[in-house]
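Asker: So here's entry_29.txt (compact mmCIF, N, CA and C atoms).
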```txt
# COMPACT_ATOMS: atom_id res chain seq x y z
N MET A 13 0.81 -1.18 0.00
CA MET A 13 0.00 0.00 0.00
C MET A 13 0.87 1.25 0.00
N ASN A 14 1.96 1.27 0.74
CA ASN A 14 2.83 2.43 0.80
C ASN A 14 3.45 2.72 -0.55
N ARG A 15 3.62 1.67 -1.35
CA ARG A 15 4.20 1.84 -2.66
C ARG A 15 3.28 2.64 -3.58
N TYR A 16 1.97 2.48 -3.47
CA TYR A 16 1.00 3.13 -4.36
C TYR A 16 0.51 4.47 -3.83
N PHE A 17 0.83 4.80 -2.61
CA PHE A 17 0.35 6.03 -1.99
C PHE A 17 0.76 7.28 -2.77
N PRO A 18 2.02 7.44 -3.19
CA PRO A 18 2.40 8.65 -3.95
C PRO A 18 1.67 8.74 -5.31
N ILE A 19 1.42 7.61 -5.94
CA ILE A 19 0.73 7.62 -7.23
C ILE A 19 -0.72 8.04 -7.05
N ILE A 20 -1.38 7.50 -6.04
CA ILE A 20 -2.78 7.84 -5.77
C ILE A 20 -2.89 9.32 -5.38
N THR A 21 -1.98 9.80 -4.56
CA THR A 21 -1.99 11.20 -4.14
C THR A 21 -1.81 12.12 -5.34
N ALA A 22 -0.88 11.78 -6.23
CA ALA A 22 -0.65 12.59 -7.42
C ALA A 22 -1.88 12.60 -8.32
N ALA A 23 -2.57 11.47 -8.46
CA ALA A 23 -3.78 11.39 -9.28
C ALA A 23 -4.89 12.24 -8.69
N VAL A 24 -5.06 12.20 -7.37
CA VAL A 24 -6.11 12.99 -6.71
C VAL A 24 -5.82 14.48 -6.87
N ILE A 25 -4.59 14.89 -6.70
CA ILE A 25 -4.22 16.30 -6.85
C ILE A 25 -4.45 16.76 -8.29
N THR A 26 -4.08 15.94 -9.25
CA THR A 26 -4.27 16.29 -10.67
C THR A 26 -5.74 16.44 -11.00
N LEU A 27 -6.57 15.51 -10.56
CA LEU A 27 -8.00 15.57 -10.85
C LEU A 27 -8.66 16.77 -10.18
N SER A 28 -8.27 17.06 -8.95
CA SER A 28 -8.88 18.22 -8.28
C SER A 28 -8.41 19.52 -8.91
N ALA A 29 -7.18 19.57 -9.40
CA ALA A 29 -6.68 20.77 -10.05
C ALA A 29 -7.40 21.01 -11.37
N CYS A 30 -7.71 19.97 -12.09
CA CYS A 30 -8.44 20.11 -13.36
C CYS A 30 -9.83 20.66 -13.11
N GLY A 31 -10.49 20.17 -12.09
CA GLY A 31 -11.84 20.64 -11.77
C GLY A 31 -11.83 22.11 -11.40
N GLY A 32 -10.84 22.55 -10.67
CA GLY A 32 -10.76 23.95 -10.26
C GLY A 32 -10.54 24.88 -11.43
N SER A 33 -9.70 24.49 -12.37
CA SER A 33 -9.41 25.37 -13.49
C SER A 33 -10.59 25.47 -14.44
N SER A 34 -11.35 24.38 -14.58
CA SER A 34 -12.50 24.45 -15.49
C SER A 34 -13.58 25.34 -14.90
N SER A 35 -13.75 25.32 -13.57
CA SER A 35 -14.75 26.21 -12.99
C SER A 35 -14.31 27.66 -13.11
N LYS A 36 -13.00 27.91 -13.01
CA LYS A 36 -12.49 29.27 -13.21
C LYS A 36 -12.71 29.70 -14.65
N ALA A 37 -12.52 28.78 -15.59
CA ALA A 37 -12.74 29.10 -17.00
C ALA A 37 -14.22 29.37 -17.25
N GLU A 38 -15.09 28.58 -16.61
CA GLU A 38 -16.53 28.81 -16.75
C GLU A 38 -16.93 30.16 -16.17
N GLU A 39 -16.36 30.51 -15.01
CA GLU A 39 -16.65 31.81 -14.40
C GLU A 39 -16.17 32.94 -15.29
N LYS A 40 -14.99 32.78 -15.87
CA LYS A 40 -14.44 33.81 -16.75
C LYS A 40 -15.31 33.96 -18.00
N GLU A 41 -15.75 32.82 -18.56
CA GLU A 41 -16.61 32.84 -19.74
C GLU A 41 -17.95 33.50 -19.42
N LYS A 42 -18.50 33.19 -18.25
CA LYS A 42 -19.78 33.78 -17.84
C LYS A 42 -19.63 35.29 -17.66
N ALA A 43 -18.52 35.71 -17.04
CA ALA A 43 -18.27 37.14 -16.85
C ALA A 43 -18.13 37.85 -18.19
N SER A 44 -17.46 37.20 -19.13
CA SER A 44 -17.29 37.75 -20.47
C SER A 44 -18.64 37.88 -21.17
N TYR A 45 -19.48 36.86 -21.02
CA TYR A 45 -20.83 36.89 -21.62
C TYR A 45 -21.66 38.02 -21.02
N GLU A 46 -21.61 38.16 -19.69
CA GLU A 46 -22.38 39.22 -19.02
C GLU A 46 -21.90 40.59 -19.48
N LYS A 47 -20.59 40.76 -19.65
CA LYS A 47 -20.05 42.04 -20.12
C LYS A 47 -20.52 42.33 -21.53
N ALA A 48 -20.49 41.34 -22.41
CA ALA A 48 -20.97 41.52 -23.78
C ALA A 48 -22.45 41.84 -23.80
N LYS A 49 -23.20 41.19 -22.93
CA LYS A 49 -24.64 41.44 -22.83
C LYS A 49 -24.90 42.87 -22.38
N GLU A 50 -24.12 43.36 -21.41
CA GLU A 50 -24.27 44.73 -20.93
C GLU A 50 -23.95 45.72 -22.04
N THR A 51 -22.89 45.50 -22.78
CA THR A 51 -22.55 46.44 -23.84
C THR A 51 -23.61 46.41 -24.95
N LEU A 52 -24.17 45.24 -25.23
CA LEU A 52 -25.23 45.15 -26.22
C LEU A 52 -26.46 45.91 -25.73
N GLU A 53 -26.78 45.77 -24.45
CA GLU A 53 -27.93 46.48 -23.90
C GLU A 53 -27.71 47.99 -23.97
N GLU A 54 -26.51 48.45 -23.66
CA GLU A 54 -26.20 49.88 -23.75
C GLU A 54 -26.36 50.37 -25.19
N LYS A 55 -25.87 49.58 -26.13
CA LYS A 55 -25.97 49.93 -27.55
C LYS A 55 -27.44 50.04 -27.97
N GLU A 56 -28.25 49.08 -27.54
CA GLU A 56 -29.67 49.08 -27.90
C GLU A 56 -30.40 50.25 -27.24
N LYS A 57 -30.01 50.62 -26.02
CA LYS A 57 -30.65 51.74 -25.34
C LYS A 57 -30.30 53.07 -25.99
N LYS A 58 -29.06 53.21 -26.46
CA LYS A 58 -28.62 54.47 -27.05
C LYS A 58 -29.20 54.70 -28.44
N ASN A 59 -29.52 53.65 -29.17
CA ASN A 59 -29.98 53.78 -30.56
C ASN A 59 -31.25 52.99 -30.81
N PRO A 60 -32.38 53.39 -30.23
CA PRO A 60 -33.61 52.62 -30.43
C PRO A 60 -34.07 52.59 -31.88
N ALA A 61 -33.82 53.65 -32.62
CA ALA A 61 -34.26 53.69 -34.02
C ALA A 61 -33.56 52.63 -34.86
N GLY A 62 -32.37 52.22 -34.47
CA GLY A 62 -31.65 51.19 -35.19
C GLY A 62 -32.16 49.79 -34.92
N PHE A 63 -32.98 49.63 -33.87
CA PHE A 63 -33.45 48.31 -33.49
C PHE A 63 -34.97 48.16 -33.60
N ILE A 64 -35.64 49.19 -34.13
CA ILE A 64 -37.09 49.12 -34.33
C ILE A 64 -37.37 49.34 -35.81
N THR A 65 -38.13 48.43 -36.42
CA THR A 65 -38.57 48.61 -37.79
C THR A 65 -40.06 48.94 -37.79
N ALA A 66 -40.46 49.77 -38.74
CA ALA A 66 -41.85 50.21 -38.81
C ALA A 66 -42.40 49.96 -40.21
N THR A 67 -43.61 49.44 -40.27
CA THR A 67 -44.32 49.26 -41.53
C THR A 67 -45.74 49.78 -41.34
N CYS A 68 -46.41 50.10 -42.45
CA CYS A 68 -47.79 50.58 -42.32
C CYS A 68 -48.62 50.16 -43.52
N ARG A 69 -49.92 50.11 -43.26
CA ARG A 69 -50.94 49.90 -44.29
C ARG A 69 -51.99 50.96 -44.07
N ASP A 70 -52.56 51.46 -45.13
CA ASP A 70 -53.55 52.51 -44.96
C ASP A 70 -54.78 52.23 -45.82
N ARG A 71 -55.89 52.80 -45.36
CA ARG A 71 -57.15 52.71 -46.08
C ARG A 71 -57.99 53.91 -45.69
N GLY A 72 -58.97 54.24 -46.50
CA GLY A 72 -59.88 55.34 -46.18
C GLY A 72 -61.08 54.84 -45.41
N ASN A 73 -61.68 55.73 -44.60
CA ASN A 73 -62.92 55.37 -43.92
C ASN A 73 -64.06 56.23 -44.49
N LEU A 74 -65.26 56.08 -43.95
CA LEU A 74 -66.44 56.74 -44.50
C LEU A 74 -66.46 58.26 -44.33
N ILE A 75 -65.73 58.78 -43.33
CA ILE A 75 -65.78 60.22 -43.11
C ILE A 75 -64.56 60.96 -43.68
N GLY A 76 -63.83 60.32 -44.56
CA GLY A 76 -62.73 60.98 -45.26
C GLY A 76 -61.38 60.91 -44.56
N GLN A 77 -61.30 60.19 -43.47
CA GLN A 77 -60.02 60.03 -42.79
C GLN A 77 -59.26 58.86 -43.40
N THR A 78 -57.96 58.88 -43.22
CA THR A 78 -57.13 57.74 -43.58
C THR A 78 -56.80 56.98 -42.30
N VAL A 79 -57.11 55.70 -42.28
CA VAL A 79 -56.77 54.85 -41.14
C VAL A 79 -55.43 54.19 -41.46
N ILE A 80 -54.45 54.49 -40.62
CA ILE A 80 -53.09 53.98 -40.83
C ILE A 80 -52.83 52.93 -39.77
N LYS A 81 -52.53 51.71 -40.19
CA LYS A 81 -52.20 50.62 -39.28
C LYS A 81 -50.68 50.50 -39.24
N ILE A 82 -50.09 50.90 -38.11
CA ILE A 82 -48.64 50.92 -37.94
C ILE A 82 -48.21 49.67 -37.17
N THR A 83 -47.25 48.95 -37.72
CA THR A 83 -46.69 47.78 -37.04
C THR A 83 -45.22 48.06 -36.73
N LEU A 84 -44.87 47.98 -35.45
CA LEU A 84 -43.49 48.17 -35.01
C LEU A 84 -42.94 46.83 -34.56
N THR A 85 -41.74 46.51 -35.01
CA THR A 85 -41.08 45.25 -34.67
C THR A 85 -39.72 45.55 -34.06
N SER A 86 -39.43 44.91 -32.93
CA SER A 86 -38.15 45.10 -32.26
C SER A 86 -37.15 44.05 -32.72
N LYS A 87 -35.99 44.52 -33.15
CA LYS A 87 -34.88 43.62 -33.49
C LYS A 87 -33.89 43.52 -32.32
N ALA A 88 -34.21 44.21 -31.23
CA ALA A 88 -33.34 44.20 -30.05
C ALA A 88 -33.39 42.83 -29.39
N THR A 89 -32.32 42.50 -28.68
CA THR A 89 -32.27 41.21 -27.98
C THR A 89 -32.38 41.38 -26.47
N VAL A 90 -32.13 42.59 -25.96
CA VAL A 90 -32.13 42.80 -24.52
C VAL A 90 -33.07 43.95 -24.11
N ALA A 91 -32.99 45.08 -24.80
CA ALA A 91 -33.71 46.29 -24.40
C ALA A 91 -35.18 46.27 -24.83
N SER A 92 -36.03 46.83 -23.97
CA SER A 92 -37.44 47.05 -24.29
C SER A 92 -37.65 48.55 -24.46
N TYR A 93 -38.63 48.92 -25.28
CA TYR A 93 -38.88 50.32 -25.57
C TYR A 93 -40.33 50.67 -25.28
N LYS A 94 -40.57 51.95 -24.96
CA LYS A 94 -41.93 52.43 -24.76
C LYS A 94 -42.01 53.86 -25.28
N ASP A 95 -43.24 54.37 -25.40
CA ASP A 95 -43.48 55.75 -25.86
C ASP A 95 -42.66 56.06 -27.12
N ILE A 96 -42.95 55.33 -28.16
CA ILE A 96 -42.18 55.40 -29.40
C ILE A 96 -42.73 56.50 -30.30
N GLU A 97 -41.88 57.47 -30.67
CA GLU A 97 -42.27 58.55 -31.56
C GLU A 97 -42.01 58.14 -33.00
N VAL A 98 -43.07 58.28 -33.82
CA VAL A 98 -42.99 57.89 -35.23
C VAL A 98 -43.33 59.10 -36.08
N GLU A 99 -42.52 59.37 -37.09
CA GLU A 99 -42.80 60.44 -38.04
C GLU A 99 -43.51 59.85 -39.26
N LEU A 100 -44.66 60.41 -39.59
CA LEU A 100 -45.42 60.00 -40.77
C LEU A 100 -45.17 61.02 -41.87
N SER A 101 -44.75 60.56 -43.03
CA SER A 101 -44.52 61.44 -44.19
C SER A 101 -45.49 61.05 -45.29
N PHE A 102 -46.20 62.03 -45.81
CA PHE A 102 -47.20 61.79 -46.85
C PHE A 102 -46.64 62.28 -48.19
N PHE A 103 -46.64 61.37 -49.18
CA PHE A 103 -46.05 61.67 -50.48
C PHE A 103 -47.10 61.62 -51.59
N SER A 104 -46.86 62.42 -52.63
CA SER A 104 -47.73 62.40 -53.81
C SER A 104 -47.31 61.26 -54.74
N GLU A 105 -48.04 61.12 -55.83
CA GLU A 105 -47.73 60.08 -56.81
C GLU A 105 -46.34 60.27 -57.42
N THR A 106 -45.91 61.53 -57.52
CA THR A 106 -44.59 61.81 -58.11
C THR A 106 -43.46 61.78 -57.07
N GLY A 107 -43.80 61.50 -55.81
CA GLY A 107 -42.79 61.41 -54.76
C GLY A 107 -42.54 62.71 -54.02
N ALA A 108 -43.35 63.74 -54.30
CA ALA A 108 -43.19 65.01 -53.60
C ALA A 108 -43.73 64.88 -52.17
N LEU A 109 -42.99 65.44 -51.22
CA LEU A 109 -43.42 65.42 -49.82
C LEU A 109 -44.55 66.43 -49.65
N LEU A 110 -45.71 65.97 -49.19
CA LEU A 110 -46.86 66.84 -48.99
C LEU A 110 -46.97 67.33 -47.55
N GLN A 111 -46.69 66.45 -46.59
CA GLN A 111 -46.87 66.81 -45.19
C GLN A 111 -46.13 65.83 -44.31
N LYS A 112 -45.74 66.29 -43.11
CA LYS A 112 -45.15 65.42 -42.09
C LYS A 112 -45.92 65.59 -40.79
N ASP A 113 -46.15 64.50 -40.09
CA ASP A 113 -46.78 64.52 -38.77
C ASP A 113 -45.98 63.61 -37.86
N VAL A 114 -46.04 63.89 -36.56
CA VAL A 114 -45.39 63.04 -35.57
C VAL A 114 -46.46 62.49 -34.64
N THR A 115 -46.40 61.19 -34.40
CA THR A 115 -47.33 60.55 -33.47
C THR A 115 -46.52 59.71 -32.49
N THR A 116 -47.05 59.55 -31.29
CA THR A 116 -46.39 58.74 -30.27
C THR A 116 -47.25 57.52 -29.98
N ILE A 117 -46.61 56.37 -29.97
CA ILE A 117 -47.30 55.12 -29.65
C ILE A 117 -46.97 54.76 -28.21
N TYR A 118 -47.99 54.81 -27.36
CA TYR A 118 -47.82 54.59 -25.92
C TYR A 118 -48.05 53.12 -25.58
N LYS A 119 -47.15 52.29 -26.06
CA LYS A 119 -47.15 50.86 -25.75
C LYS A 119 -45.72 50.44 -25.48
N THR A 120 -45.56 49.27 -24.87
CA THR A 120 -44.22 48.73 -24.61
C THR A 120 -43.88 47.69 -25.67
N LEU A 121 -42.71 47.84 -26.26
CA LEU A 121 -42.22 46.93 -27.29
C LEU A 121 -41.07 46.13 -26.69
N VAL A 122 -41.28 44.84 -26.49
CA VAL A 122 -40.27 43.98 -25.89
C VAL A 122 -39.40 43.34 -26.98
N PRO A 123 -38.21 42.85 -26.63
CA PRO A 123 -37.30 42.28 -27.62
C PRO A 123 -37.93 41.16 -28.45
N GLY A 124 -37.78 41.25 -29.76
CA GLY A 124 -38.24 40.22 -30.68
C GLY A 124 -39.73 40.20 -30.94
N GLU A 125 -40.48 41.15 -30.42
CA GLU A 125 -41.93 41.17 -30.57
C GLU A 125 -42.37 42.29 -31.51
N SER A 126 -43.65 42.27 -31.86
CA SER A 126 -44.26 43.30 -32.70
C SER A 126 -45.50 43.83 -32.01
N ILE A 127 -45.79 45.11 -32.24
CA ILE A 127 -47.03 45.71 -31.77
C ILE A 127 -47.68 46.44 -32.93
N THR A 128 -49.00 46.58 -32.86
CA THR A 128 -49.75 47.25 -33.92
C THR A 128 -50.61 48.34 -33.30
N GLU A 129 -50.67 49.47 -33.98
CA GLU A 129 -51.46 50.61 -33.52
C GLU A 129 -52.15 51.22 -34.73
N LYS A 130 -53.39 51.67 -34.53
CA LYS A 130 -54.13 52.35 -35.60
C LYS A 130 -54.11 53.84 -35.33
N GLU A 131 -53.91 54.59 -36.38
CA GLU A 131 -53.87 56.04 -36.31
C GLU A 131 -54.84 56.58 -37.37
N LYS A 132 -55.69 57.51 -36.99
CA LYS A 132 -56.63 58.12 -37.95
C LYS A 132 -56.17 59.54 -38.23
N GLN A 133 -56.04 59.87 -39.51
CA GLN A 133 -55.53 61.17 -39.91
C GLN A 133 -56.31 61.69 -41.10
N TYR A 134 -56.44 63.01 -41.18
CA TYR A 134 -56.90 63.64 -42.41
C TYR A 134 -55.63 63.92 -43.21
N THR A 135 -55.44 63.19 -44.27
CA THR A 135 -54.22 63.32 -45.06
C THR A 135 -54.42 64.38 -46.14
N PRO A 136 -53.32 64.94 -46.63
CA PRO A 136 -53.43 65.92 -47.70
C PRO A 136 -54.04 65.29 -48.96
N LYS A 137 -54.70 66.12 -49.74
CA LYS A 137 -55.24 65.63 -51.01
C LYS A 137 -54.08 65.15 -51.87
N GLN A 138 -54.35 64.19 -52.70
CA GLN A 138 -53.38 63.59 -53.63
C GLN A 138 -52.29 62.77 -52.93
N THR A 139 -52.55 62.34 -51.70
CA THR A 139 -51.59 61.46 -51.03
C THR A 139 -51.61 60.09 -51.70
N ASP A 140 -50.44 59.65 -52.12
CA ASP A 140 -50.32 58.35 -52.79
C ASP A 140 -49.67 57.31 -51.89
N SER A 141 -48.72 57.73 -51.05
CA SER A 141 -48.03 56.79 -50.18
C SER A 141 -47.64 57.46 -48.86
N ILE A 142 -47.37 56.63 -47.89
CA ILE A 142 -47.00 57.11 -46.55
C ILE A 142 -45.68 56.46 -46.14
N GLY A 143 -44.77 57.27 -45.63
CA GLY A 143 -43.49 56.76 -45.13
C GLY A 143 -43.42 56.90 -43.63
N LEU A 144 -42.70 55.99 -42.99
CA LEU A 144 -42.55 56.01 -41.54
C LEU A 144 -41.08 56.12 -41.18
N LYS A 145 -40.82 56.82 -40.07
CA LYS A 145 -39.46 56.92 -39.54
C LYS A 145 -39.55 56.94 -38.02
N ILE A 146 -38.75 56.14 -37.36
CA ILE A 146 -38.69 56.13 -35.90
C ILE A 146 -37.81 57.31 -35.46
N LEU A 147 -38.38 58.18 -34.66
CA LEU A 147 -37.62 59.33 -34.17
C LEU A 147 -36.94 59.03 -32.84
N SER A 148 -37.70 58.47 -31.90
CA SER A 148 -37.13 58.19 -30.58
C SER A 148 -38.00 57.19 -29.85
N ALA A 149 -37.46 56.66 -28.77
CA ALA A 149 -38.19 55.75 -27.90
C ALA A 149 -37.53 55.79 -26.54
N LYS A 150 -38.34 55.64 -25.50
CA LYS A 150 -37.81 55.60 -24.14
C LYS A 150 -37.48 54.16 -23.77
N ASN A 151 -36.51 54.03 -22.87
CA ASN A 151 -36.09 52.73 -22.39
C ASN A 151 -37.13 52.20 -21.41
N ALA A 152 -37.62 50.98 -21.64
CA ALA A 152 -38.59 50.36 -20.74
C ALA A 152 -37.99 49.18 -19.99
N SER A 153 -36.71 48.91 -20.20
CA SER A 153 -36.05 47.80 -19.51
C SER A 153 -35.88 48.14 -18.04
N PRO A 154 -36.06 47.15 -17.16
CA PRO A 154 -35.85 47.42 -15.73
C PRO A 154 -34.39 47.74 -15.48
N GLU A 155 -34.17 48.73 -14.66
CA GLU A 155 -32.79 49.17 -14.36
C GLU A 155 -32.19 48.33 -13.27
```
Please rewrite the model in this file as structure tokens.
Answerer:
Amino acid sequence: MNRYFPIITAAVITLSACGGSSSKAEEKEKASYEKAKETLEEKEKKNPAGFITATCRDRGNLIGQTVIKITLTSKATVASYKDIEVELSFFSETGALLQKDVTTIYKTLVPGESITEKEKQYTPKQTDSIGLKILSAKNASPE
């Protein structure tokens, strides 16, 4: 038994050392992931317009208004947005800008989701198309 004692001791020390270094590597990897996640969240908070896409469909109603159905989709992975300001641009058939309006959508947009809002407007005569642009959004992520 005394003959095998140094070999067994060396094996136990080697195995325990391997376990310790892998947990340190896992901790380091987790810390690196958390840091990357934080920087991504900061990036998404600073530039909401870069992470929100907007599309719209429009139709007329019986009293001469245009009903605009706005769909906002978040491409963000961490940050949530609320109180999103959208600029509506009304164009003629030839592409001339007729009018611009700003509307705020008071809903929360979470990462990877879409929301829809209807807006009723009296549009300028000869409006052929409507363009959307995200102006700003407030951060809705818990601090």
Asker: Using only N, CA and C atoms, determine which residues lie at most 8 Å from range 96-113 of chain A, disregarding the query and same-chain residues fewer than 6 positions distant; provide the list as number ranges by chain.
Answerer: A: 119-121, 135-150
Asker: Nearest residue to Ile64 in chain A out of A:Leu84, A:Gln133, A:Ser44, A:Ile127, using only C-alpha atoms?
Answerer: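 Result for the nearest residue to Ile64 in chain A: A:Leu84.
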Asker: Would you mind reading off the distance between CA of Arg71 in chain A and CA of Thr115 in chain A, one decimal, in Å?
Answerer: 17.8 Å
Asker: Please report, as a count of residues only, each residue of range 103-153 of chain A to which DSSP assigns strand (DSSP E or B) when run on this structure's backbone.
Answerer: 33
Asker: For Lys57 in chain A, list every protein, DNA or RNA residue within 12 Å, evaluated using only C-alpha atoms, and leave out those in the same chain fewer than 2 positions away; present the list as a count of residues only.
Answerer: 28
Asker: For atom N of Thr128 in chain A and CA of Thr78 in chain A, determine how far apart the two atoms are, in Å to one decimal place.
Answerer: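 Separating atom N of Thr128 in chain A from CA of Thr78 in chain A is a distance of 17.5 Å.
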Asker: How many Å separate CA of Gln77 in chain A from atom N of Val122 in chain A?
Answerer: 29.1 Å
Asker: I need the residue nearest Glu125 in chain A from this list: A:Asp95, A:Ser86, A:Glu56, A:Leu74. Use all atoms listed in the file for the distance.
Answerer: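 Nearest candidate to Glu125 in chain A out of A:Asp95, A:Ser86, A:Glu56, A:Leu74: A:Ser86.
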Asker: Between A:Ala37, A:Ile75, A:Ile80, A:Cys68, which has the minimum distance to Lys130 in chain A (counting all atoms listed in the file)?
Answerer: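 Ranking A:Ala37, A:Ile75, A:Ile80, A:Cys68 by distance to Lys130 in chain A, first place goes to A:Ile80.
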Asker: Measuring atom to atom with only C-alpha atoms, identify which of A:Ser126, A:Ser35, A:Thr83, A:Thr116 is nearest to Thr67 in chain A.
Answerer: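 Looking only at the distances to Thr67 in chain A, the closest residue turns out to be A:Thr83.
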